[in-house]
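Visitor: Okay, here's the structure, questions in a sec.
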Amino acid sequence: MSAPALRFSVDGAPVEAKAGQTIIEACDDAGIYIPRLCYRADLPPGGQCRLCTCKVNGRYAAACVTPVTPAIAVENDTPELRAERNTIVEMLFVEGNHPCPFCEKSGNCDLQAMAYRFGLSATELTYQFPNRDIDATHPEIFLDRNTCILCGLCIRASRSADGKAVFGFENRGARTQLTVNSPDGLAGTDIATADRAAAVCPVGCIVVKGTGYETPYGERPYDRQPIGADIEAQRHPSAERKDADV
Amino acid sequence: MSKPKLATCSLAGCFGCHMSLLDIDERILELVELFDLDRSPLDDKKAFDSPVEVGFVEGGCANEHNVRVLHDFRKHCKVLIAVGACAINGGVPALRNPIGLRECLETTYAGGTPDADHFVPYDADLPLLLDRVYPAHEVVRIDYFLPGCPPSADAIWEGLKELLAGRTPGLPYQLLKYD
Ligand code: SF4
Ligand code: SF4
Ligand code: SF4
């Protein structure tokens with residue numbers, strides 16, 4: 001006998017979850033997109049980027065690590081949360097160096113796509129222009145920390161999908177940075193191009209050499225459709241929001 | 001009624017954003033119906049002599065001359081629009097920012113170790129370089145931003161038309177690009 005569905009609401013609309021699902025899992029199934037940068041459905045959640053922060057019964061909670069419990073009222077797409085998510089994205093841009101015009105990830109980058117989805121024409125926060133290391137030691141995989149948003153996906157992918165421990169963080173707070181499991185840089189690790197960790201980076205920090213700019217401008221994934229559109233396409237037309245455009 | 005005036009400048013940019021403006025093809029005929037071109041490298045008018053409705057700013061500020069021009073634009077233009085990655089976040093010229101000005105110059109001109117024969121050029125006619133490249137909005141107030149490198153001709157056209165109609169130029173998804 002399967003466990004009974006849990007009923008809860010998202011922005012006033014009724015949603016059902018399977019027992020044990022997190023808010024983001026249940027919403028993905030229901031075709032409700034919650035913005036996220038550090039979450040992949042097949043990897044353990046990290047709760048790192050905070051973009052999926054919703055209000056659950058009035059209190060902030062990261063949807064990727066918060067399980068659904070019966071009858072919770074989740075706020076997701078509200079002016080307040082939209083504004084806060086905007087600021088998170090803007091902070092990620094100014095904290096690193098993001099030269100989109102010539103970045104290999106452009107058009108296929110979740111951070112850039114999120115800014116497009118939010119309609120962000122520019123940020124007026126002060127650019128930090130940090131001096132970050134690159135790692136070109138590996139013959140096939142390049143590491144450009146300038147764009148790293150410290151989402152932890154590569155760390156989780158390496159551990160749980162590849163059974164390795166290629167990546168980690170070092171230092172704390174504002175000095176946190178991505179490190180690799182060898183004093184000789186990426187070349188000293190056992191990473192391989194077929195690893196999930198080599199493909200999982202949502203930005204242009206981990207790139208497989210020789211693959212850049214393969215897809216022409218105009219045909220890249222986020223040229224075609226906004227990030228999250230695939231999830232929203234699953235939404236059942238009868239799942240109406242009860243409240244008007246909040 | 002006289003037409004609104006449009007001024008343009010290229011600060012620390014590559015003129016690509018101006019090229020993209022010209023890339024609107026035959027719509028340029030419509031543009032000259034909508035605007036009179038004022039101070040701009042396109043007509044070589046070098047100074048303002050009256051207030052202007054819209055200032056189109058390409059490039060950020062890499063030197064003191066850029067700062068002077070940008071202040072002049074702010075003073076004379078009712079609305080300033082930062083056009084392109086260079087104006088918005090420094091773009092390619094800002095690649096020097098994380099490295100530092102001295103190291104960049106000494107490496108470029110003197111192999112890292114200046115001596116009597118190898119030194120960073122200096123001349124009163126060379127505009128003084130700033131410590132780093134500043135996005136336009138870090139120097140003056142900017143009213144609107146049109147991202148891209150360059151923004152496509154369609155994006156520029158859309159933005160200018162919206163401005164003229166007194167609306168906030170918000171680009172549709174297909175035209176909002178950072179590259
Ligand atoms: S990682 Fe993404 S946001 Fe950063 S420069 Fe590359 S494309 Fe732009
Ligand atoms: S390298 Fe990429 S996947 Fe790893 S923490 Fe940085 S942004 Fe995330
Ligand atoms: S944004 Fe691009 S096209 Fe425009 S001035 Fe800068 S480099 Fe040139």
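By convention here, the chains of the structure tokens are called A, B, ... in the order presented, each chain's residues are numbered starting at 1, and ligands are numbered starting at 1 in the order presented.
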Using only C-alpha atoms, determine which residues of chain B fall within 10 Å of chain A; present them as a count of residues only.
Guide: 42
Visitor: Report the residues of region 59-241 of chain A whose backbone DSSP state falls under helix (DSSP H, G or I), written as a VMD selection string.
Guide: chain A and resid 79 to 95 100 to 102 110 to 117 145 to 147 153 to 161 173 to 175 186 to 188 196 to 199 221 to 224 229 to 232
Visitor: Could you give me, as an mmCIF file with all heavy atoms, in the first residue's frame, the residues within 8 Å of region 61-66 of chain B, counting only C-alpha atoms and dropping anything in the same chain fewer than 3 positions from it?
Guide:
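Heads up, here's the output in out-v3.cif:
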```
data_model
loop_
_atom_site.group_PDB
_atom_site.id
_atom_site.type_symbol
_atom_site.label_atom_id
_atom_site.label_comp_id
_atom_site.auth_asym_id
_atom_site.auth_seq_id
_atom_site.Cartn_x
_atom_site.Cartn_y
_atom_site.Cartn_z
ATOM 1 N N LEU B 11 33.268 55.540 -24.337
ATOM 2 C CA LEU B 11 34.315 55.727 -23.315
ATOM 3 C C LEU B 11 35.287 54.557 -23.450
ATOM 4 O O LEU B 11 35.847 54.365 -24.522
ATOM 5 C CB LEU B 11 33.658 55.833 -21.933
ATOM 6 C CG LEU B 11 32.514 56.875 -21.842
ATOM 7 C CD1 LEU B 11 31.835 56.827 -20.487
ATOM 8 C CD2 LEU B 11 33.030 58.274 -22.131
ATOM 9 N N ALA B 12 35.475 53.761 -22.389
ATOM 10 C CA ALA B 12 36.340 52.584 -22.529
ATOM 11 C C ALA B 12 35.554 51.462 -23.183
ATOM 12 O O ALA B 12 35.123 50.511 -22.540
ATOM 13 C CB ALA B 12 36.881 52.169 -21.167
ATOM 14 N N VAL B 69 34.056 63.145 -19.690
ATOM 15 C CA VAL B 69 33.002 63.039 -20.714
ATOM 16 C C VAL B 69 31.697 62.545 -20.072
ATOM 17 O O VAL B 69 30.618 63.089 -20.326
ATOM 18 C CB VAL B 69 33.438 62.083 -21.854
ATOM 19 C CG1 VAL B 69 32.276 61.846 -22.822
ATOM 20 C CG2 VAL B 69 34.634 62.658 -22.602
ATOM 21 N N LEU B 70 31.824 61.546 -19.209
ATOM 22 C CA LEU B 70 30.610 60.975 -18.594
ATOM 23 C C LEU B 70 29.902 62.018 -17.717
ATOM 24 O O LEU B 70 28.675 62.134 -17.748
ATOM 25 C CB LEU B 70 30.975 59.717 -17.795
ATOM 26 C CG LEU B 70 29.808 58.917 -17.223
ATOM 27 C CD1 LEU B 70 28.776 58.558 -18.286
ATOM 28 C CD2 LEU B 70 30.309 57.641 -16.544
ATOM 29 N N ALA B 87 29.933 49.389 -20.423
ATOM 30 C CA ALA B 87 29.333 50.458 -19.625
ATOM 31 C C ALA B 87 28.717 49.890 -18.354
ATOM 32 O O ALA B 87 28.748 50.515 -17.300
ATOM 33 C CB ALA B 87 28.274 51.193 -20.439
ATOM 34 N N GLY B 90 32.043 47.109 -16.882
ATOM 35 C CA GLY B 90 33.452 47.298 -17.205
ATOM 36 C C GLY B 90 33.877 46.489 -18.422
ATOM 37 O O GLY B 90 34.793 46.872 -19.132
ATOM 38 N N PRO B 93 37.724 45.771 -20.877
ATOM 39 C CA PRO B 93 38.767 46.583 -20.228
ATOM 40 C C PRO B 93 38.917 46.290 -18.735
ATOM 41 O O PRO B 93 40.017 46.385 -18.180
ATOM 42 C CB PRO B 93 38.283 48.026 -20.453
ATOM 43 C CG PRO B 93 37.440 47.951 -21.687
ATOM 44 C CD PRO B 93 36.760 46.608 -21.623
ATOM 45 N N PRO B 127 45.751 60.513 -21.420
ATOM 46 C CA PRO B 127 44.868 60.628 -20.263
ATOM 47 C C PRO B 127 45.345 59.706 -19.141
ATOM 48 O O PRO B 127 45.777 58.581 -19.393
ATOM 49 C CB PRO B 127 43.501 60.197 -20.790
ATOM 50 C CG PRO B 127 43.670 59.845 -22.222
ATOM 51 C CD PRO B 127 45.107 59.943 -22.599
ATOM 52 N N LEU B 128 45.257 60.224 -17.936
ATOM 53 C CA LEU B 128 45.706 59.452 -16.781
ATOM 54 C C LEU B 128 44.780 58.252 -16.571
ATOM 55 O O LEU B 128 43.561 58.398 -16.524
ATOM 56 C CB LEU B 128 45.658 60.364 -15.551
ATOM 57 C CG LEU B 128 46.435 59.899 -14.336
ATOM 58 C CD1 LEU B 128 47.931 59.913 -14.626
ATOM 59 C CD2 LEU B 128 46.103 60.815 -13.155
ATOM 60 N N LEU B 129 45.359 57.071 -16.443
ATOM 61 C CA LEU B 129 44.545 55.873 -16.220
ATOM 62 C C LEU B 129 44.041 55.851 -14.783
ATOM 63 O O LEU B 129 44.748 56.258 -13.854
ATOM 64 C CB LEU B 129 45.357 54.612 -16.504
ATOM 65 C CG LEU B 129 45.708 54.369 -17.976
ATOM 66 C CD1 LEU B 129 46.608 53.148 -18.103
ATOM 67 C CD2 LEU B 129 44.452 54.180 -18.817
ATOM 68 N N LEU B 130 42.846 55.369 -14.593
ATOM 69 C CA LEU B 130 42.293 55.212 -13.249
ATOM 70 C C LEU B 130 42.844 53.929 -12.625
ATOM 71 O O LEU B 130 43.297 53.031 -13.333
ATOM 72 C CB LEU B 130 40.769 55.150 -13.303
ATOM 73 C CG LEU B 130 40.056 56.332 -13.980
ATOM 74 C CD1 LEU B 130 38.543 56.121 -13.946
ATOM 75 C CD2 LEU B 130 40.432 57.651 -13.330
ATOM 76 N N ARG B 132 41.290 51.518 -11.455
ATOM 77 C CA ARG B 132 40.610 50.389 -12.079
ATOM 78 C C ARG B 132 39.566 50.920 -13.050
ATOM 79 O O ARG B 132 39.311 52.114 -13.096
ATOM 80 C CB ARG B 132 39.998 49.454 -11.041
ATOM 81 C CG ARG B 132 38.879 50.023 -10.199
ATOM 82 C CD ARG B 132 38.359 48.931 -9.265
ATOM 83 N NE ARG B 132 37.293 49.334 -8.392
ATOM 84 C CZ ARG B 132 35.998 49.300 -8.727
ATOM 85 N NH1 ARG B 132 35.628 48.950 -9.943
ATOM 86 N NH2 ARG B 132 35.070 49.638 -7.861
ATOM 87 N N VAL B 133 38.981 50.038 -13.819
ATOM 88 C CA VAL B 133 37.933 50.435 -14.754
ATOM 89 C C VAL B 133 36.601 50.419 -14.004
ATOM 90 O O VAL B 133 36.282 49.430 -13.337
ATOM 91 C CB VAL B 133 37.894 49.476 -15.963
ATOM 92 C CG1 VAL B 133 36.759 49.845 -16.911
ATOM 93 C CG2 VAL B 133 39.236 49.509 -16.693
ATOM 94 N N TYR B 134 35.877 51.541 -14.091
ATOM 95 C CA TYR B 134 34.620 51.670 -13.360
ATOM 96 C C TYR B 134 33.424 51.554 -14.297
ATOM 97 O O TYR B 134 33.383 52.233 -15.323
ATOM 98 C CB TYR B 134 34.554 53.029 -12.650
ATOM 99 C CG TYR B 134 35.543 53.144 -11.522
ATOM 100 C CD1 TYR B 134 36.872 53.517 -11.760
ATOM 101 C CD2 TYR B 134 35.167 52.853 -10.225
ATOM 102 C CE1 TYR B 134 37.796 53.599 -10.733
ATOM 103 C CE2 TYR B 134 36.086 52.937 -9.182
ATOM 104 C CZ TYR B 134 37.395 53.305 -9.445
ATOM 105 O OH TYR B 134 38.298 53.369 -8.422
ATOM 106 N N PRO B 135 32.448 50.710 -13.937
ATOM 107 C CA PRO B 135 31.180 50.737 -14.675
ATOM 108 C C PRO B 135 30.594 52.146 -14.604
ATOM 109 O O PRO B 135 30.817 52.868 -13.622
ATOM 110 C CB PRO B 135 30.304 49.745 -13.905
ATOM 111 C CG PRO B 135 31.246 48.895 -13.111
ATOM 112 C CD PRO B 135 32.433 49.742 -12.822
ATOM 113 N N ALA B 136 29.851 52.527 -15.634
ATOM 114 C CA ALA B 136 29.342 53.905 -15.710
ATOM 115 C C ALA B 136 28.532 54.291 -14.469
ATOM 116 O O ALA B 136 28.655 55.409 -13.961
ATOM 117 C CB ALA B 136 28.505 54.071 -16.971
ATOM 118 N N VAL B 139 30.112 55.898 -11.496
ATOM 119 C CA VAL B 139 30.664 57.250 -11.652
ATOM 120 C C VAL B 139 29.548 58.304 -11.649
ATOM 121 O O VAL B 139 29.675 59.347 -11.006
ATOM 122 C CB VAL B 139 31.504 57.346 -12.949
ATOM 123 C CG1 VAL B 139 32.046 58.752 -13.153
ATOM 124 C CG2 VAL B 139 32.651 56.339 -12.895
#
```
Visitor: Using only C-alpha atoms and all ligand atoms, what are the residues with an atom within 8 Å of ligand 2, set out as a list in words?
Guide: Cys38, Leu143, Asp144, Arg145, Thr147, Cys148, Ile149, Leu150, Cys151, Gly152, Leu153, Cys154, Ile155, Phe167, Phe169, Leu178, Ala197, Val200, Cys201, Pro202, Val203, Gly204, Cys205 and Ile206 of chain A
Visitor: What does the distance from CA of Asp77 (chain A) to CA of Asp11 (chain A) come to in Å, to one decimal?
Guide: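 Between CA of Asp77 (chain A) and CA of Asp11 (chain A) the gap is 6.9 Å.
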